[in-house]
$ cat structure_15.csv   # CSV, C-alpha atoms
chain,number,residue,atom,x,y,z
A,20,MET,CA,142.0,34.2,116.0
A,21,SER,CA,145.3,35.5,114.6
A,22,ASP,CA,146.0,35.1,110.9
A,23,GLU,CA,149.7,34.9,111.6
A,24,LEU,CA,151.3,31.6,110.8
A,25,TYR,CA,152.7,29.7,113.8
A,26,VAL,CA,156.1,28.0,113.3
A,27,ALA,CA,157.5,25.9,116.0
A,28,PRO,CA,160.8,27.2,117.5
A,29,ASP,CA,162.7,24.1,116.6
A,30,VAL,CA,161.7,24.6,112.9
A,31,LEU,CA,162.8,28.2,113.0
A,32,ASP,CA,166.1,27.1,114.5
A,33,GLU,CA,166.7,24.6,111.7
A,34,LEU,CA,165.8,27.2,109.0
A,35,ALA,CA,168.3,29.6,110.5
A,36,ARG,CA,171.0,26.9,110.5
A,37,LEU,CA,170.3,26.0,106.9
A,38,ARG,CA,170.3,29.6,105.8
A,39,ALA,CA,173.7,30.2,107.6
A,40,GLU,CA,175.1,27.1,106.0
A,41,ASN,CA,173.9,28.1,102.5
A,42,ALA,CA,175.4,31.6,103.0
A,43,LYS,CA,178.8,30.1,103.9
A,44,LEU,CA,178.7,27.8,100.8
A,45,THR,CA,177.7,30.7,98.5
A,46,ALA,CA,180.4,33.0,99.9
A,47,LYS,CA,183.0,30.3,99.5
A,48,LYS,CA,182.0,29.6,95.9
A,49,SER,CA,181.7,33.3,94.9
A,50,ALA,CA,185.1,34.0,96.5
A,51,LYS,CA,186.7,32.1,93.7
A,52,HIS,CA,186.8,35.3,91.6
A,53,SER,CA,185.2,38.0,93.7
A,54,MET,CA,186.0,41.7,94.1
A,55,GLU,CA,188.5,40.8,96.8
A,56,SER,CA,190.4,38.4,94.6
A,57,ASP,CA,193.2,39.6,92.3
A,58,ASP,CA,195.3,36.5,91.4
A,59,TRP,CA,193.1,34.2,89.3
A,60,GLY,CA,194.6,33.0,86.1
A,61,THR,CA,193.1,32.9,82.6
A,62,PRO,CA,192.7,29.4,81.2
A,63,ILE,CA,195.2,28.6,78.5
A,64,ALA,CA,192.5,28.1,75.9
A,65,TYR,CA,191.4,31.7,76.3
A,66,VAL,CA,195.0,33.0,76.4
A,67,GLU,CA,195.7,31.2,73.1
A,68,LEU,CA,192.4,32.6,71.7
A,69,ALA,CA,193.6,36.1,72.5
A,70,ARG,CA,197.1,35.3,71.0
A,71,ARG,CA,195.5,34.1,67.7
A,72,VAL,CA,193.0,36.9,67.5
A,73,LEU,CA,195.5,39.6,68.1
A,74,GLY,CA,198.3,38.0,66.3
A,75,GLY,CA,200.4,38.0,69.4
A,76,ILE,CA,200.4,39.3,73.0
A,77,ASP,CA,202.8,42.2,73.6
A,78,LEU,CA,201.7,43.1,77.1
A,79,ASP,CA,199.8,41.8,80.1
A,80,PRO,CA,199.6,44.7,82.5
A,81,CYS,CA,198.1,42.6,85.4
A,82,CYS,CA,200.3,39.6,85.5
A,83,SER,CA,203.1,38.0,87.6
A,84,ALA,CA,206.2,35.9,86.9
A,85,TYR,CA,204.2,32.8,87.8
A,86,TRP,CA,201.3,33.4,85.3
A,87,HIS,CA,203.8,34.7,82.7
A,88,HIS,CA,205.7,31.5,82.9
A,89,TRP,CA,202.8,29.1,82.9
A,90,THR,CA,200.2,30.6,80.7
A,91,VAL,CA,200.5,34.1,79.2
A,92,LYS,CA,204.0,34.3,77.8
A,93,SER,CA,203.6,37.8,76.6
A,94,THR,CA,206.5,39.9,75.4
A,95,ARG,CA,206.2,42.1,78.4
A,96,TYR,CA,204.2,42.1,81.6
A,97,TYR,CA,203.7,44.1,84.8
A,98,THR,CA,203.2,42.7,88.2
A,99,LEU,CA,201.2,43.9,91.3
A,100,GLU,CA,204.5,45.4,92.6
A,101,ASP,CA,204.9,47.3,89.3
A,102,ASP,CA,201.3,48.8,89.7
A,103,GLY,CA,200.6,47.9,86.1
A,104,LEU,CA,197.5,50.0,86.0
A,105,THR,CA,199.7,53.1,86.1
A,106,CYS,CA,202.6,51.9,83.9
A,107,PRO,CA,202.9,52.7,80.1
A,108,TRP,CA,200.8,50.4,77.9
A,109,SER,CA,201.4,49.6,74.2
A,110,GLY,CA,201.0,47.1,71.5
A,111,ARG,CA,198.6,44.1,71.7
A,112,VAL,CA,197.2,43.7,75.2
A,113,LEU,CA,195.6,40.8,77.1
A,114,LEU,CA,193.9,42.0,80.2
A,115,ASN,CA,192.3,39.9,82.9
A,116,PRO,CA,191.7,42.8,85.4
A,117,PRO,CA,192.4,42.4,89.1
A,118,GLY,CA,189.6,42.4,91.7
A,119,GLY,CA,189.5,44.6,94.7
A,120,TYR,CA,189.7,48.3,95.1
A,121,VAL,CA,192.3,51.0,94.5
A,122,PRO,CA,194.1,51.4,97.9
A,123,GLY,CA,192.5,54.1,100.0
A,124,THR,CA,189.4,54.3,97.8
A,125,ARG,CA,186.2,52.4,97.0
A,126,ARG,CA,187.0,52.7,93.3
A,127,SER,CA,187.1,49.2,91.7
A,128,LYS,CA,190.3,48.1,89.9
A,129,VAL,CA,188.1,46.6,87.2
A,130,ARG,CA,186.6,50.1,86.4
A,131,VAL,CA,190.0,51.7,86.5
A,132,ALA,CA,191.5,49.0,84.2
A,133,TRP,CA,188.7,49.2,81.7
A,134,GLU,CA,188.7,53.0,81.4
A,135,ARG,CA,192.5,52.9,81.2
A,136,LEU,CA,192.4,50.3,78.4
A,137,VAL,CA,189.8,52.2,76.4
A,138,GLU,CA,191.6,55.5,76.7
A,139,ALA,CA,195.0,53.9,75.6
A,140,TRP,CA,193.2,52.2,72.7
A,141,ARG,CA,191.6,55.4,71.5
A,142,LEU,CA,194.9,57.2,71.7
A,143,GLY,CA,196.6,54.5,69.7
A,144,GLU,CA,198.9,53.5,72.5
A,145,VAL,CA,197.2,50.1,72.7
A,146,GLU,CA,196.9,48.6,69.2
A,147,ALA,CA,194.3,46.1,70.1
A,148,ALA,CA,193.2,44.1,73.2
A,149,VAL,CA,191.3,41.2,74.5
A,150,TRP,CA,189.6,41.8,77.8
A,151,ILE,CA,188.5,38.9,80.1
A,152,GLY,CA,185.4,39.9,81.9
A,153,TYR,CA,185.0,37.5,84.9
A,154,SER,CA,181.4,38.5,85.7
A,155,LEU,CA,178.5,39.6,83.6
A,156,GLU,CA,177.7,42.0,86.5
A,157,GLN,CA,180.6,44.1,85.2
A,158,LEU,CA,178.3,44.9,82.2
A,159,VAL,CA,176.0,46.6,84.6
A,160,GLN,CA,178.7,48.3,86.6
A,161,LEU,CA,180.3,49.7,83.5
A,162,GLN,CA,177.1,51.2,82.0
A,163,ASP,CA,178.2,54.8,82.8
A,164,ALA,CA,181.8,54.3,81.7
A,165,PRO,CA,183.0,56.4,78.7
A,166,ALA,CA,182.7,53.3,76.6
A,167,HIS,CA,181.0,50.0,77.3
A,168,PRO,CA,182.2,46.4,76.4
A,169,LEU,CA,179.1,45.8,74.3
A,170,GLN,CA,180.2,48.6,72.0
A,171,PHE,CA,182.8,46.1,70.9
A,172,TRP,CA,182.7,42.4,69.8
A,173,THR,CA,181.8,40.5,72.9
A,174,LEU,CA,181.6,36.7,73.4
A,175,VAL,CA,179.5,35.3,76.2
A,176,PRO,CA,180.4,31.6,76.5
A,177,ALA,CA,177.7,29.1,77.2
A,178,THR,CA,179.9,27.5,79.8
A,179,ARG,CA,181.4,29.5,82.6
A,180,ILE,CA,185.1,30.0,82.4
A,181,ASP,CA,187.1,27.7,84.7
A,182,PHE,CA,189.7,30.1,86.0
A,183,LEU,CA,193.0,28.9,87.4
A,184,ARG,CA,194.8,29.2,90.7
A,185,ARG,CA,198.5,28.8,91.4
A,186,GLY,CA,199.8,25.3,91.7
A,187,ALA,CA,201.6,24.1,94.9
A,188,ASN,CA,205.3,25.0,95.2
A,189,GLY,CA,205.2,27.0,92.0
A,190,GLY,CA,204.0,24.0,90.0
A,191,PRO,CA,201.5,24.1,87.1
A,192,PRO,CA,198.2,26.0,87.8
A,193,THR,CA,195.1,24.0,88.6
A,194,PRO,CA,191.4,24.8,87.7
A,195,VAL,CA,189.3,26.1,90.6
A,196,GLY,CA,186.0,25.3,89.0
A,197,SER,CA,183.6,27.6,87.2
A,198,PRO,CA,182.5,30.7,89.2
A,199,ALA,CA,179.0,31.2,90.3
A,200,HIS,CA,178.4,33.8,87.6
A,201,GLY,CA,178.7,34.0,83.8
A,202,ASN,CA,181.7,35.5,82.0
A,203,TYR,CA,182.4,37.4,78.9
A,204,ILE,CA,185.3,38.2,76.5
A,205,THR,CA,185.6,41.5,74.7
A,206,LEU,CA,187.8,42.4,71.7
A,207,LEU,CA,189.0,45.9,71.1
A,208,HIS,CA,190.2,45.5,67.5
A,209,SER,CA,192.8,47.7,65.9
A,210,LEU,CA,191.4,51.2,65.5
A,211,TYR,CA,194.2,52.8,63.4
A,212,ALA,CA,194.8,49.8,61.0
A,213,PRO,CA,191.3,49.1,59.6
A,214,ALA,CA,192.3,46.1,57.6
A,215,GLU,CA,194.0,44.4,60.5
A,216,GLY,CA,191.0,45.4,62.7
A,217,ARG,CA,188.6,43.6,60.3
A,218,ALA,CA,190.9,40.6,60.3
A,219,GLN,CA,191.0,40.5,64.1
A,220,ALA,CA,187.2,40.7,64.2
A,221,GLU,CA,186.9,37.8,61.8
A,222,ARG,CA,189.4,35.7,63.8
A,223,PHE,CA,187.4,36.5,66.9
A,224,ARG,CA,184.2,35.2,65.3
A,225,ASP,CA,186.0,32.1,64.1
A,226,GLU,CA,187.4,31.4,67.5
A,227,ALA,CA,184.0,31.8,69.1
A,228,ARG,CA,182.7,29.1,66.7
A,229,ALA,CA,185.7,26.9,67.3
A,230,LEU,CA,185.0,27.0,71.1
A,231,GLY,CA,181.6,25.5,70.5
A,232,VAL,CA,179.6,28.4,71.9
A,233,GLN,CA,176.2,26.9,71.1
A,234,GLY,CA,173.9,28.4,73.6
A,235,GLY,CA,176.3,31.3,74.2
A,236,ALA,CA,176.2,34.6,72.4
A,237,LEU,CA,178.5,36.5,70.1
A,238,VAL,CA,177.4,40.1,70.5
A,239,ARG,CA,177.9,42.6,67.6
A,240,PRO,CA,179.1,46.1,68.6
A,241,LEU,CA,176.3,48.4,69.5
$ encode --input "structure_15.csv" --output "structure tokens"
Amino acid sequence: MSDELYVAPDVLDELARLRAENAKLTAKKSAKHSMESDDWGTPIAYVELARRVLGGIDLDPCCSAYWHHWTVKSTRYYTLEDDGLTCPWSGRVLLNPPGGYVPGTRRSKVRVAWERLVEAWRLGEVEAAVWIGYSLEQLVQLQDAPAHPLQFWTLVPATRIDFLRRGANGGPPTPVGSPAHGNYITLLHSLYAPAEGRAQAERFRDEARALGVQGGALVRPL
């Protein structure tokens, strides 16, 4: 007698149908902020967190006229057409990096944006920055980068960030619902103005408490 479990064909068909349906739902949910998505807005609460922590937002290098008008309101911004990842960066930066890949390569824009930000910060071109990490998976993907987000103050909210999408006909943005993965926020505090850097770190810790991050984590720099 065979030890192999017999499953009726109709049961196998139903299992296959359920698996296919589940795969579609998972893909639809994950697509809210996947590697292929590059136009999801940062919720206003987190934009304002960055503004208070940094003392202002001088530049958003991955923005658009729409998001600038409705949420970011930085002094300067670059759009997709500007190719903001290659433009000059300076001042206090808010960066919610785009998804997808650099055209013609399999190099993620997230990796390029993070390395560019850290280099500009080290050189003093960027005074300080808040980085919006839309997936904790990034912390794995960036392990071999020249610097890692966990080398800086990093907040892992207990509640997943409810990112925004464009409203109809240019109207106010609307929440898309929390993604299927956890998120994080990293502060690169001022390197060449130590007193201001300490003040930014203190404000970042205060903002984390104000958000009610019970059950989340505020990670000290490694």
$ residues_around --input "structure_15.csv" --residues "range 200-209 of chain A" --least-positions-apart "5" --cutoff "6 Å" --atoms "only C-alpha atoms" --output "PyMOL selection string"
chain A and resi 146-155+172-175+179+216
$ residues_around --input "structure_15.csv" --residues "Arg217 in chain A" --least-positions-apart "2" --cutoff "12 Å" --atoms "all atoms listed in the file" --output "PDB file with C-alpha atoms, in the coordinates of the input"
ATOM      1  CA  VAL A  72     193.000  36.900  67.500  1.00  0.00           C
ATOM      2  CA  LEU A  73     195.500  39.600  68.100  1.00  0.00           C
ATOM      3  CA  ALA A 147     194.300  46.100  70.100  1.00  0.00           C
ATOM      4  CA  TRP A 172     182.700  42.400  69.800  1.00  0.00           C
ATOM      5  CA  LEU A 206     187.800  42.400  71.700  1.00  0.00           C
ATOM      6  CA  LEU A 207     189.000  45.900  71.100  1.00  0.00           C
ATOM      7  CA  HIS A 208     190.200  45.500  67.500  1.00  0.00           C
ATOM      8  CA  SER A 209     192.800  47.700  65.900  1.00  0.00           C
ATOM      9  CA  LEU A 210     191.400  51.200  65.500  1.00  0.00           C
ATOM     10  CA  TYR A 211     194.200  52.800  63.400  1.00  0.00           C
ATOM     11  CA  ALA A 212     194.800  49.800  61.000  1.00  0.00           C
ATOM     12  CA  PRO A 213     191.300  49.100  59.600  1.00  0.00           C
ATOM     13  CA  ALA A 214     192.300  46.100  57.600  1.00  0.00           C
ATOM     14  CA  GLU A 215     194.000  44.400  60.500  1.00  0.00           C
ATOM     15  CA  GLN A 219     191.000  40.500  64.100  1.00  0.00           C
ATOM     16  CA  ALA A 220     187.200  40.700  64.200  1.00  0.00           C
ATOM     17  CA  GLU A 221     186.900  37.800  61.800  1.00  0.00           C
ATOM     18  CA  ARG A 222     189.400  35.700  63.800  1.00  0.00           C
ATOM     19  CA  PHE A 223     187.400  36.500  66.900  1.00  0.00           C
ATOM     20  CA  ARG A 224     184.200  35.200  65.300  1.00  0.00           C
TER      21      ARG A 224
END
$ atom_distance --input "structure_15.csv" --atom1 "CA of Ala177 in chain A" --atom2 "CA of Val195 in chain A"
18.0 Å
$ residues_around --input "structure_15.csv" --residues "Arg95 in chain A" --least-positions-apart "6" --cutoff "7 Å" --atoms "all atoms listed in the file" --output "number ranges by chain"
A: 77-79
$ closest_residue --input "structure_15.csv" --among "A:Glu138, A:Lys128, A:Gly119, A:Leu68" --to "Ala166 in chain A" --atoms "all atoms listed in the file"
A:Glu138
$ residues_near_point --input "structure_15.csv" --point "(187.5, 29.7, 74.6)" --cutoff "6 Å" --atoms "only C-alpha atoms" --output "list in words"
Ala64, Tyr65 and Leu230 of chain A
$ atom_distance --input "structure_15.csv" --atom1 "CA of Tyr96 in chain A" --atom2 "CA of Pro116 in chain A"
13.1 Å
$ residues_around --input "structure_15.csv" --residues "Ala132 in chain A" --least-positions-apart "5" --cutoff "9 Å" --atoms "all atoms listed in the file" --output "NGL selection string"
:A and (104 or 114 or 116-117 or 127 or 137)
$ atom_distance --input "structure_15.csv" --atom1 "CA of Arg70 in chain A" --atom2 "CA of Arg185 in chain A"
21.5 Å
$ closest_residue --input "structure_15.csv" --among "A:Gly189, A:His167, A:Pro122, A:Asp225" --to "Ala84 in chain A" --atoms "only C-alpha atoms"
A:Gly189
